[in-house]
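Undergrad: Below is work32.cif; it holds mmCIF, C-alpha atoms and all ligand atoms.
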```cif
data_input
loop_
_atom_site.label_atom_id
_atom_site.label_comp_id
_atom_site.auth_asym_id
_atom_site.auth_seq_id
_atom_site.Cartn_x
_atom_site.Cartn_y
_atom_site.Cartn_z
CA MET M 1 -26.21 51.25 37.16
CA ALA M 2 -29.69 49.79 36.81
CA LYS M 3 -29.35 49.72 33.03
CA LYS M 4 -26.14 47.80 33.26
CA GLU M 5 -27.65 45.20 35.60
CA GLN M 6 -30.57 44.72 33.28
CA SER M 7 -28.43 44.20 30.25
CA ALA M 8 -26.33 41.66 32.14
CA GLU M 9 -29.48 39.79 33.02
CA GLN M 10 -30.62 39.86 29.42
CA LYS M 11 -27.33 38.51 28.29
CA GLU M 12 -27.61 35.66 30.75
CA GLN M 13 -31.05 34.80 29.43
CA LYS M 14 -29.84 34.91 25.84
CA LYS M 15 -27.05 32.52 26.75
CA LYS M 16 -29.50 30.10 28.31
CA LYS M 17 -31.69 30.18 25.25
CA ALA M 18 -28.75 29.54 22.99
CA VAL M 19 -27.71 26.54 25.07
CA GLU M 20 -31.25 25.18 24.99
CA GLN M 21 -31.42 25.57 21.26
CA THR M 22 -28.14 23.88 20.45
CA ALA M 23 -28.52 21.02 22.90
CA PRO M 24 -30.24 17.98 21.36
CA GLU M 25 -33.54 17.03 22.92
CA SER M 26 -32.20 13.73 24.04
CA PRO M 27 -28.45 13.71 23.68
CA LYS M 28 -28.14 10.00 24.40
CA THR M 29 -30.23 8.48 21.62
CA GLY M 30 -28.10 9.69 18.75
CA VAL M 31 -24.65 8.78 19.96
CA ARG M 32 -25.25 5.81 22.19
CA PRO M 33 -23.50 2.74 20.85
CA LYS M 34 -25.85 -0.04 19.90
CA ASP M 35 -26.43 -2.36 22.80
CA LYS M 36 -26.55 -6.13 22.74
CA SER M 37 -30.24 -6.43 21.93
CA GLU M 38 -29.78 -4.18 18.94
CA THR M 39 -26.90 -6.20 17.50
CA THR M 40 -28.70 -9.51 17.98
CA ASP M 41 -31.84 -8.02 16.46
CA LEU M 42 -30.05 -7.73 13.16
CA SER M 43 -31.04 -10.37 10.67
CA ILE M 44 -28.56 -13.10 9.84
CA GLU M 45 -28.42 -11.60 6.38
CA GLN M 46 -27.43 -8.19 7.75
CA LYS M 47 -24.92 -9.72 10.14
CA LEU M 48 -23.23 -11.62 7.35
CA LYS M 49 -23.22 -8.54 5.16
CA ASN M 50 -21.62 -6.44 7.91
CA LEU M 51 -19.11 -9.15 8.66
CA TYR M 52 -18.17 -9.35 5.00
CA SER M 53 -17.74 -5.56 4.83
CA LEU M 54 -15.54 -5.80 7.90
CA GLN M 55 -13.53 -8.52 6.20
CA LEU M 56 -12.92 -6.28 3.19
CA MET M 57 -11.71 -3.44 5.42
CA LEU M 58 -9.44 -5.69 7.45
CA SER M 59 -8.04 -7.23 4.27
CA GLU M 60 -7.28 -3.72 3.06
CA ILE M 61 -5.44 -2.96 6.31
CA ASP M 62 -3.58 -6.28 5.97
CA LYS M 63 -2.50 -5.24 2.48
CA ILE M 64 -1.16 -1.92 3.76
CA LYS M 65 0.71 -3.72 6.52
CA THR M 66 2.21 -6.21 4.09
CA LEU M 67 3.23 -3.44 1.74
CA ARG M 68 5.00 -1.66 4.56
CA GLY M 69 5.81 -4.85 6.48
CA GLU M 70 8.71 -5.92 4.27
CA LEU M 71 10.30 -2.51 3.99
CA PRO M 72 11.34 -1.87 7.60
CA TYR M 73 13.15 -5.23 7.58
CA GLU M 74 14.83 -4.43 4.27
CA VAL M 75 15.95 -1.08 5.65
CA GLN M 76 17.23 -2.76 8.81
CA ASP M 77 19.13 -5.38 6.79
CA LEU M 78 20.73 -2.70 4.66
CA GLU M 79 21.66 -0.66 7.72
CA ASP M 80 23.32 -3.73 9.23
CA GLU M 81 25.13 -4.44 5.98
CA VAL M 82 26.38 -0.87 5.66
CA ALA M 83 27.57 -0.90 9.28
CA GLY M 84 29.29 -4.26 8.69
CA LEU M 85 31.07 -2.97 5.61
CA GLN M 86 32.15 0.11 7.47
CA THR M 87 33.72 -2.01 10.20
CA ARG M 88 35.38 -4.20 7.58
CA ILE M 89 36.87 -1.23 5.76
CA HIS M 90 38.03 0.19 9.08
CA ASN M 91 39.73 -3.08 10.04
CA PHE M 92 41.35 -3.45 6.63
CA GLN M 93 42.68 0.08 6.86
CA ALA M 94 44.18 -0.70 10.27
CA ASP M 95 45.81 -3.84 8.80
CA LEU M 96 47.12 -1.78 5.91
CA LYS M 97 48.69 0.75 8.23
CA GLU M 98 50.36 -2.03 10.18
CA LEU M 99 51.72 -3.56 6.97
CA GLU M 100 53.06 -0.20 5.87
CA ASN M 101 54.71 0.24 9.27
CA THR M 102 56.30 -3.20 8.93
CA VAL M 103 57.62 -2.29 5.49
CA GLY M 104 59.06 0.89 7.02
CA GLN M 105 60.74 -1.13 9.75
CA GLN M 106 62.29 -3.47 7.18
CA ARG M 107 63.66 -0.45 5.30
CA ILE M 108 65.25 0.84 8.50
CA LYS M 109 66.78 -2.62 9.00
CA ILE M 110 68.28 -2.47 5.50
CA THR M 111 69.73 0.98 6.16
CA ASP M 112 71.19 -0.18 9.47
CA SER M 113 72.68 -3.32 7.94
CA THR M 114 74.07 -1.37 4.97
CA ASN M 115 75.71 1.09 7.36
CA LEU M 116 77.19 -1.79 9.33
CA VAL M 117 78.54 -3.41 6.17
CA GLU M 118 80.15 -0.08 5.23
CA LYS M 119 81.65 0.19 8.68
CA TYR M 120 82.98 -3.38 8.66
CA LYS M 121 84.42 -2.88 5.19
CA THR M 122 86.47 0.12 6.35
CA GLN M 123 87.58 -1.90 9.38
CA LEU M 124 88.69 -4.69 7.02
CA ASP M 125 91.34 -2.30 5.64
CA ASN M 126 92.92 -2.08 9.03
CA VAL M 127 92.82 -5.69 10.27
CA ARG M 128 95.80 -6.86 12.26
CA ASN M 129 95.30 -10.61 12.00
CA ASN M 130 93.38 -13.42 10.30
CA ARG M 131 91.05 -13.89 13.23
CA GLU M 132 89.84 -10.29 12.99
CA PHE M 133 89.53 -10.64 9.23
CA ASP M 134 87.41 -13.80 9.54
CA SER M 135 85.22 -12.27 12.20
CA LEU M 136 84.55 -9.14 10.14
CA SER M 137 83.96 -11.15 6.99
CA LYS M 138 81.39 -13.23 8.85
CA GLU M 139 79.65 -10.09 10.12
CA ILE M 140 79.53 -8.64 6.61
CA GLU M 141 78.11 -11.90 5.30
CA TYR M 142 75.56 -11.99 8.11
CA GLN M 143 74.42 -8.39 7.49
CA GLY M 144 74.20 -9.20 3.77
CA LEU M 145 71.82 -12.03 4.59
CA GLU M 146 69.84 -9.73 6.85
CA ILE M 147 69.47 -7.25 3.98
CA GLU M 148 68.30 -10.03 1.63
CA LEU M 149 65.79 -11.25 4.20
CA ALA M 150 64.44 -7.74 4.74
CA GLU M 151 64.14 -7.22 0.99
CA LYS M 152 62.24 -10.52 0.69
CA ARG M 153 59.88 -9.44 3.47
CA ILE M 154 59.32 -6.06 1.82
CA ARG M 155 58.39 -7.83 -1.43
CA GLU M 156 55.92 -10.05 0.44
CA PHE M 157 54.42 -7.22 2.44
CA THR M 158 54.16 -5.01 -0.64
CA ALA M 159 52.17 -7.77 -2.37
CA ASP M 160 49.93 -7.96 0.72
CA VAL M 161 49.52 -4.19 0.67
CA LYS M 162 48.44 -4.37 -2.97
CA LEU M 163 45.88 -7.11 -2.27
CA LEU M 164 44.55 -5.32 0.76
CA THR M 165 44.27 -2.02 -1.10
CA GLU M 166 42.28 -3.77 -3.82
CA GLU M 167 40.07 -5.37 -1.19
CA ILE M 168 39.44 -2.03 0.49
CA GLN M 169 38.53 -0.53 -2.87
CA LYS M 170 36.06 -3.34 -3.52
CA CYS M 171 34.49 -2.87 -0.10
CA LYS M 172 34.23 0.86 -0.65
CA THR M 173 32.45 0.41 -3.97
CA PHE M 174 30.10 -2.10 -2.34
CA TYR M 175 29.60 0.24 0.58
CA ASP M 176 28.73 3.16 -1.70
CA ASP M 177 26.22 1.02 -3.63
CA ARG M 178 24.58 -0.19 -0.44
CA LYS M 179 24.45 3.34 0.89
CA ILE M 180 22.51 4.40 -2.21
CA ASP M 181 20.15 1.42 -1.82
CA LEU M 182 19.62 2.26 1.82
CA LYS M 183 18.82 5.87 1.06
CA SER M 184 16.20 4.98 -1.56
CA LYS M 185 14.64 2.25 0.62
CA LYS M 186 14.42 4.66 3.50
CA GLU M 187 12.73 7.23 1.30
CA GLU M 188 10.34 4.59 0.01
CA LEU M 189 9.46 3.57 3.55
CA THR M 190 8.86 7.15 4.67
CA GLU M 191 6.70 7.74 1.62
CA ILE M 192 4.62 4.60 2.10
CA VAL M 193 4.17 5.23 5.80
CA SER M 194 2.99 8.79 5.24
CA GLU M 195 0.84 7.80 2.26
CA THR M 196 -0.92 4.93 3.97
CA LYS M 197 -1.11 6.29 7.49
CA ILE M 198 -4.29 8.31 6.97
CA GLN M 199 -5.83 5.56 4.85
CA GLU M 200 -5.10 3.00 7.55
CA GLU M 201 -6.48 5.20 10.32
CA GLN M 202 -9.69 5.79 8.37
CA LEU M 203 -10.10 2.06 7.71
CA ARG M 204 -9.48 1.26 11.37
CA GLU M 205 -12.08 3.80 12.45
CA LYS M 206 -14.67 2.40 10.00
CA ALA M 207 -13.86 -1.16 11.05
CA LYS M 208 -14.34 -0.22 14.67
CA GLN M 209 -17.77 1.23 13.95
CA LEU M 210 -18.73 -1.86 12.00
CA GLU M 211 -17.47 -4.19 14.72
CA ALA M 212 -19.88 -2.53 17.14
CA THR M 213 -22.78 -3.77 15.01
CA ILE M 214 -21.65 -7.41 15.07
CA GLU M 215 -22.55 -9.54 18.03
CA PRO M 216 -19.52 -10.23 20.23
CA ARG M 217 -19.60 -14.02 19.93
CA LEU M 218 -19.74 -13.97 16.15
CA LEU M 219 -17.05 -11.29 16.04
CA ALA M 220 -14.80 -13.25 18.39
CA SER M 221 -15.09 -16.44 16.35
CA PHE M 222 -14.53 -14.47 13.14
CA LYS M 223 -11.38 -12.94 14.58
CA ARG M 224 -10.18 -16.32 15.79
CA ILE M 225 -10.58 -17.85 12.32
CA ARG M 226 -8.90 -14.83 10.72
CA LYS M 227 -5.91 -15.13 13.02
CA SER M 228 -5.34 -18.80 12.26
CA ALA M 229 -5.92 -18.39 8.51
CA ARG M 230 -2.80 -17.60 6.53
CA ASN M 231 -4.66 -15.30 4.12
CA GLY M 232 -6.43 -13.50 6.97
CA LEU M 233 -9.88 -14.46 5.70
CA GLY M 234 -12.51 -15.25 8.32
CA ILE M 235 -15.52 -15.03 6.02
CA VAL M 236 -15.46 -16.15 2.40
CA THR M 237 -17.79 -16.52 -0.56
CA ILE M 238 -18.57 -19.72 -2.41
CA GLN M 239 -16.51 -19.88 -5.56
CA ARG M 240 -17.29 -22.53 -8.17
CA ASP M 241 -19.10 -24.68 -5.59
CA ALA M 242 -16.08 -24.48 -3.29
CA CYS M 243 -15.07 -22.62 -0.14
CA GLY M 244 -13.30 -19.39 -1.11
CA GLY M 245 -10.83 -19.91 1.72
CA CYS M 246 -9.67 -23.51 1.45
CA PHE M 247 -11.18 -24.39 -1.97
CA ASN M 248 -12.78 -27.59 -0.74
CA LYS M 249 -16.09 -28.50 -2.39
CA ILE M 250 -19.27 -27.55 -0.57
CA PRO M 251 -22.15 -30.05 -0.87
CA PRO M 252 -25.19 -28.74 -2.80
CA GLN M 253 -27.50 -28.96 0.22
CA ARG M 254 -25.08 -26.84 2.26
CA GLN M 255 -24.85 -24.34 -0.57
CA MET M 256 -28.62 -24.10 -0.52
CA ASP M 257 -28.61 -23.47 3.25
CA ILE M 258 -26.02 -20.74 2.79
CA LYS M 259 -28.17 -19.08 0.15
CA LEU M 260 -31.18 -19.16 2.49
CA ARG M 261 -29.26 -16.91 4.95
CA LYS M 262 -31.13 -18.27 7.94
CA LYS M 263 -28.10 -19.13 10.06
CA THR M 264 -24.36 -18.69 10.01
CA ILE M 265 -22.75 -21.65 8.29
CA VAL M 266 -19.06 -22.44 8.43
CA CYS M 267 -16.89 -24.46 6.06
CA GLU M 268 -16.56 -28.06 7.26
CA HIS M 269 -12.91 -28.11 6.28
CA CYS M 270 -11.44 -24.79 7.39
CA GLY M 271 -14.10 -23.37 9.71
CA ARG M 272 -14.42 -20.11 7.79
CA ILE M 273 -17.82 -18.44 7.81
CA LEU M 274 -19.51 -18.77 4.43
CA ILE M 275 -21.54 -16.14 2.61
CA ASP M 276 -23.21 -16.41 -0.76
CA SER M 277 -21.66 -14.30 -3.50
CA GLU M 278 -24.82 -12.35 -4.18
CA LEU M 279 -25.09 -11.12 -0.58
CA ALA M 280 -21.39 -10.36 -0.55
CA GLY M 281 -21.88 -8.34 -3.70
CA VAL M 282 -19.31 -10.23 -5.76
CA GLU M 283 -19.62 -12.09 -9.03
ZN ZN A 1 -13.00 -23.85 3.75
#
```
As structure tokens - that is how I would like this structure written.

TA:
Amino acid sequence: MAKKEQSAEQKEQKKKKAVEQTAPESPKTGVRPKDKSETTDLSIEQKLKNLYSLQLMLSEIDKIKTLRGELPYEVQDLEDEVAGLQTRIHNFQADLKELENTVGQQRIKITDSTNLVEKYKTQLDNVRNNREFDSLSKEIEYQGLEIELAEKRIREFTADVKLLTEEIQKCKTFYDDRKIDLKSKKEELTEIVSETKIQEEQLREKAKQLEATIEPRLLASFKRIRKSARNGLGIVTIQRDACGGCFNKIPPQRQMDIKLRKKTIVCEHCGRILIDSELAGVE
């Protein structure tokens, strides 16, 4: 009994020791996000450098989004088109059935009229007077006209059936083609999404970490410029004496100031933050 108690106590002590050993001496210092004073303490040079790195990451994310951005719409368009064609084929087939029914009805009419003509002809053999003869003759003539009319209609409807059948065939070919397109676009989209998902998540995580090192006011203005800029650039280098965002010339004195890296300088024309190429690490 006593032995057991002792060993339990020992175990407890071991546990405590283990906890003490693994716990960092001051758990806060390592993981605490940099506070305001720390971000403002960064030199202008470092701020600009961080901001430019952030820009590169965000541009990369933009690229991924653009790459994927078009595809969902293309897939949607194709899905709509395929559905539209399906409805069209369905409607045409209903029309075709109706036409075929009408042709069938006209055939029945011909049979009926032919039977009547036969009947009237036998009656003609037994007429008792001219009046009966005339009346029967008129009926025969009338049924003959009915037969001709029905035959004419059948010819017309048959031509319509032919046209409609051709149209349905065209639609079906188109439908099959679109179906193939849709399948490949869908596969492409799935592939791109799965391929870029991890990459995008990693970039977002890195960007988030970097954003924490940039002072909120600078970050906010950077994001505002980025949002209004069509190319998504909030910070740009000087390229051939011009702003890398709007390509307007930058006066030599301003270029000098930018190279001094003593304050954040924006382009007079587009408002983008300017960084010298050397600091940005580009040629
Ligand atoms: Zn500019």

Undergrad: Please provide the set of residues having any atom within 10 Å of Lys47 in chain M, restricted to only C-alpha atoms, with same-chain residues fewer than 4 positions apart removed, written as a PyMOL selection string.

TA: chain M and resi 39-43+51-53+213-215+218-219+261+263-264

Undergrad: Kindly export the residues of the current selection with C-alpha atoms, as a PDB file, in the frame of the given file.

TA:
```
ATOM      1  CA  THR M  39     -26.900  -6.200  17.500  1.00  0.00           C
ATOM      2  CA  THR M  40     -28.700  -9.510  17.980  1.00  0.00           C
ATOM      3  CA  ASP M  41     -31.840  -8.020  16.460  1.00  0.00           C
ATOM      4  CA  LEU M  42     -30.050  -7.730  13.160  1.00  0.00           C
ATOM      5  CA  SER M  43     -31.040 -10.370  10.670  1.00  0.00           C
ATOM      6  CA  LEU M  51     -19.110  -9.150   8.660  1.00  0.00           C
ATOM      7  CA  TYR M  52     -18.170  -9.350   5.000  1.00  0.00           C
ATOM      8  CA  SER M  53     -17.740  -5.560   4.830  1.00  0.00           C
ATOM      9  CA  THR M 213     -22.780  -3.770  15.010  1.00  0.00           C
ATOM     10  CA  ILE M 214     -21.650  -7.410  15.070  1.00  0.00           C
ATOM     11  CA  GLU M 215     -22.550  -9.540  18.030  1.00  0.00           C
ATOM     12  CA  LEU M 218     -19.740 -13.970  16.150  1.00  0.00           C
ATOM     13  CA  LEU M 219     -17.050 -11.290  16.040  1.00  0.00           C
ATOM     14  CA  ARG M 261     -29.260 -16.910   4.950  1.00  0.00           C
ATOM     15  CA  LYS M 263     -28.100 -19.130  10.060  1.00  0.00           C
ATOM     16  CA  THR M 264     -24.360 -18.690  10.010  1.00  0.00           C
TER      17      THR M 264
END
```

Undergrad: Skipping near chain neighbours, those fewer than 2 positions away, what residues fall within 12 Å of Asn231 in chain M using all atoms listed in the file, listed as a PyMOL selection string?

TA: chain M and resi 55+58-60+62-63+66+225-229+233-236+244-246+272

Undergrad: Counting all atoms listed in the file, which residues of chain M fall within 9 Å of ligand ZN 1 (chain A), and what is the closest atom pair for each with its distance in Å at one decimal, ordered by chain and rising number, as JSON lines?

TA:
```
{"residue": "M:Val236", "atom": "CA", "partner": "A:ZN1", "partner_atom": "ZN", "distance": 8.2}
{"residue": "M:Ala242", "atom": "CA", "partner": "A:ZN1", "partner_atom": "ZN", "distance": 7.7}
{"residue": "M:Cys243", "atom": "CA", "partner": "A:ZN1", "partner_atom": "ZN", "distance": 4.6}
{"residue": "M:Gly244", "atom": "CA", "partner": "A:ZN1", "partner_atom": "ZN", "distance": 6.6}
{"residue": "M:Gly245", "atom": "CA", "partner": "A:ZN1", "partner_atom": "ZN", "distance": 4.9}
{"residue": "M:Cys246", "atom": "CA", "partner": "A:ZN1", "partner_atom": "ZN", "distance": 4.1}
{"residue": "M:Phe247", "atom": "CA", "partner": "A:ZN1", "partner_atom": "ZN", "distance": 6.0}
{"residue": "M:Asn248", "atom": "CA", "partner": "A:ZN1", "partner_atom": "ZN", "distance": 5.8}
{"residue": "M:Lys249", "atom": "CA", "partner": "A:ZN1", "partner_atom": "ZN", "distance": 8.3}
{"residue": "M:Ile250", "atom": "CA", "partner": "A:ZN1", "partner_atom": "ZN", "distance": 8.5}
{"residue": "M:Val266", "atom": "CA", "partner": "A:ZN1", "partner_atom": "ZN", "distance": 7.8}
{"residue": "M:Cys267", "atom": "CA", "partner": "A:ZN1", "partner_atom": "ZN", "distance": 4.6}
{"residue": "M:Glu268", "atom": "CA", "partner": "A:ZN1", "partner_atom": "ZN", "distance": 6.5}
{"residue": "M:His269", "atom": "CA", "partner": "A:ZN1", "partner_atom": "ZN", "distance": 5.0}
{"residue": "M:Cys270", "atom": "CA", "partner": "A:ZN1", "partner_atom": "ZN", "distance": 4.1}
{"residue": "M:Gly271", "atom": "CA", "partner": "A:ZN1", "partner_atom": "ZN", "distance": 6.1}
{"residue": "M:Arg272", "atom": "CA", "partner": "A:ZN1", "partner_atom": "ZN", "distance": 5.7}
{"residue": "M:Ile273", "atom": "CA", "partner": "A:ZN1", "partner_atom": "ZN", "distance": 8.3}
{"residue": "M:Leu274", "atom": "CA", "partner": "A:ZN1", "partner_atom": "ZN", "distance": 8.3}
```

Undergrad: Which neighbours of range 185-188 of chain M fall inside 12 Å, counting all atoms listed in the file, when residues of the same chain fewer than 3 positions from it are skipped, and could you give them as a list in words?

TA: Leu67, Arg68, Glu70, Leu71, Pro72, Tyr73, Glu74, Val75, Gln76, Asp77, Leu78, Glu79, Arg178, Lys179, Ile180, Asp181, Leu182, Glu191, Ile192, Val193, Ser194, Glu195 and Thr196 of chain M

Undergrad: Given all atoms listed in the file as the basis, pick out the residue of M:Lys109, M:Arg224, M:Arg217, M:Lys119 nearest to Arg153 in chain M.

TA: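 Using all atoms listed in the file, Arg153 in chain M sits closest to M:Lys109.
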
Undergrad: Quick one: of M:Leu85, M:Ala159, M:Leu56, M:Ile154, who's nearest to Gln105 in chain M, counting all atoms listed in the file?

TA: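 Going through M:Leu85, M:Ala159, M:Leu56, M:Ile154 one by one, the smallest distance to Gln105 in chain M is for M:Ile154.
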
Undergrad: Check the smallest atom-to-atom distance from each of M:Asn50, M:Gln93, M:Asn130, M:Thr173 to Phe222 in chain M using only C-alpha atoms, then report the winner.

TA: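 Among M:Asn50, M:Gln93, M:Asn130, M:Thr173, it is M:Asn50 that comes nearest to Phe222 in chain M.
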
Undergrad: Using CA of Thr158 in chain M and CA of Lys97 in chain M as the two end points, give the distance in Å to one decimal.

TA: 11.9 Å

Undergrad: Quick one, how far is CA of Lys121 in chain M from CA of Ile108 in chain M?

TA: 19.8 Å

Undergrad: For CA of Glu141 in chain M and CA of Thr122 in chain M, determine how far apart the two atoms are, in Å to one decimal place.

TA: 14.7 Å

Undergrad: Under the rule that all atoms listed in the file are counted, which of M:Asn129, M:Gly84, M:Glu148, M:Ser221 is the nearest residue to Thr111 in chain M?

TA: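 Once distances to Thr111 in chain M are computed over all atoms listed in the file, the minimum belongs to M:Glu148.
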
Undergrad: Have a look at M:Asn126, M:Ile140, M:Glu166, M:Leu48 and name the one nearest to Leu260 in chain M; count all atoms listed in the file.

TA: M:Leu48

Undergrad: Please identify all polymer residues within 10 Å of Gln106 in chain M, counting all atoms listed in the file, omitting same-chain residues fewer than 3 positions from it, and present them as a ChimeraX atom specification.

TA: /M:100-103,109-112,146-147,149-154,157

Undergrad: As a PDB file, in the frame of the given file, please: range 152-167 of chain M completed to N, CA and C atoms.

TA:
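See result-v3.pdb below for the written result:
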```pdb
ATOM      1  N   LYS M 152      63.253  -9.492   0.975  1.00  0.00           N
ATOM      2  CA  LYS M 152      62.240 -10.520   0.690  1.00  0.00           C
ATOM      3  C   LYS M 152      60.934 -10.176   1.410  1.00  0.00           C
ATOM      4  N   ARG M 153      61.077  -9.787   2.675  1.00  0.00           N
ATOM      5  CA  ARG M 153      59.880  -9.440   3.470  1.00  0.00           C
ATOM      6  C   ARG M 153      59.160  -8.249   2.855  1.00  0.00           C
ATOM      7  N   ILE M 154      59.937  -7.251   2.433  1.00  0.00           N
ATOM      8  CA  ILE M 154      59.320  -6.060   1.820  1.00  0.00           C
ATOM      9  C   ILE M 154      58.521  -6.460   0.587  1.00  0.00           C
ATOM     10  N   ARG M 155      59.095  -7.366  -0.233  1.00  0.00           N
ATOM     11  CA  ARG M 155      58.390  -7.830  -1.430  1.00  0.00           C
ATOM     12  C   ARG M 155      57.058  -8.492  -1.036  1.00  0.00           C
ATOM     13  N   GLU M 156      57.131  -9.355  -0.019  1.00  0.00           N
ATOM     14  CA  GLU M 156      55.920 -10.050   0.440  1.00  0.00           C
ATOM     15  C   GLU M 156      54.877  -9.061   0.966  1.00  0.00           C
ATOM     16  N   PHE M 157      55.347  -8.177   1.830  1.00  0.00           N
ATOM     17  CA  PHE M 157      54.420  -7.220   2.440  1.00  0.00           C
ATOM     18  C   PHE M 157      53.819  -6.280   1.395  1.00  0.00           C
ATOM     19  N   THR M 158      54.645  -5.906   0.412  1.00  0.00           N
ATOM     20  CA  THR M 158      54.160  -5.010  -0.640  1.00  0.00           C
ATOM     21  C   THR M 158      53.039  -5.699  -1.437  1.00  0.00           C
ATOM     22  N   ALA M 159      53.229  -7.017  -1.679  1.00  0.00           N
ATOM     23  CA  ALA M 159      52.170  -7.770  -2.370  1.00  0.00           C
ATOM     24  C   ALA M 159      50.903  -7.782  -1.516  1.00  0.00           C
ATOM     25  N   ASP M 160      51.082  -7.981  -0.195  1.00  0.00           N
ATOM     26  CA  ASP M 160      49.930  -7.960   0.720  1.00  0.00           C
ATOM     27  C   ASP M 160      49.248  -6.595   0.700  1.00  0.00           C
ATOM     28  N   VAL M 161      50.062  -5.547   0.683  1.00  0.00           N
ATOM     29  CA  VAL M 161      49.520  -4.190   0.670  1.00  0.00           C
ATOM     30  C   VAL M 161      48.652  -3.994  -0.580  1.00  0.00           C
ATOM     31  N   LYS M 162      49.165  -4.512  -1.703  1.00  0.00           N
ATOM     32  CA  LYS M 162      48.440  -4.370  -2.970  1.00  0.00           C
ATOM     33  C   LYS M 162      47.079  -5.089  -2.887  1.00  0.00           C
ATOM     34  N   LEU M 163      47.118  -6.335  -2.406  1.00  0.00           N
ATOM     35  CA  LEU M 163      45.880  -7.110  -2.270  1.00  0.00           C
ATOM     36  C   LEU M 163      44.875  -6.407  -1.352  1.00  0.00           C
ATOM     37  N   LEU M 164      45.395  -5.958  -0.232  1.00  0.00           N
ATOM     38  CA  LEU M 164      44.550  -5.320   0.760  1.00  0.00           C
ATOM     39  C   LEU M 164      43.950  -4.019   0.224  1.00  0.00           C
ATOM     40  N   THR M 165      44.770  -3.274  -0.506  1.00  0.00           N
ATOM     41  CA  THR M 165      44.270  -2.020  -1.100  1.00  0.00           C
ATOM     42  C   THR M 165      43.140  -2.310  -2.076  1.00  0.00           C
ATOM     43  N   GLU M 166      43.331  -3.378  -2.875  1.00  0.00           N
ATOM     44  CA  GLU M 166      42.280  -3.770  -3.820  1.00  0.00           C
ATOM     45  C   GLU M 166      40.988  -4.157  -3.071  1.00  0.00           C
ATOM     46  N   GLU M 167      41.204  -4.914  -1.993  1.00  0.00           N
ATOM     47  CA  GLU M 167      40.070  -5.370  -1.190  1.00  0.00           C
ATOM     48  C   GLU M 167      39.303  -4.190  -0.586  1.00  0.00           C
TER      49      GLU M 167
END
```
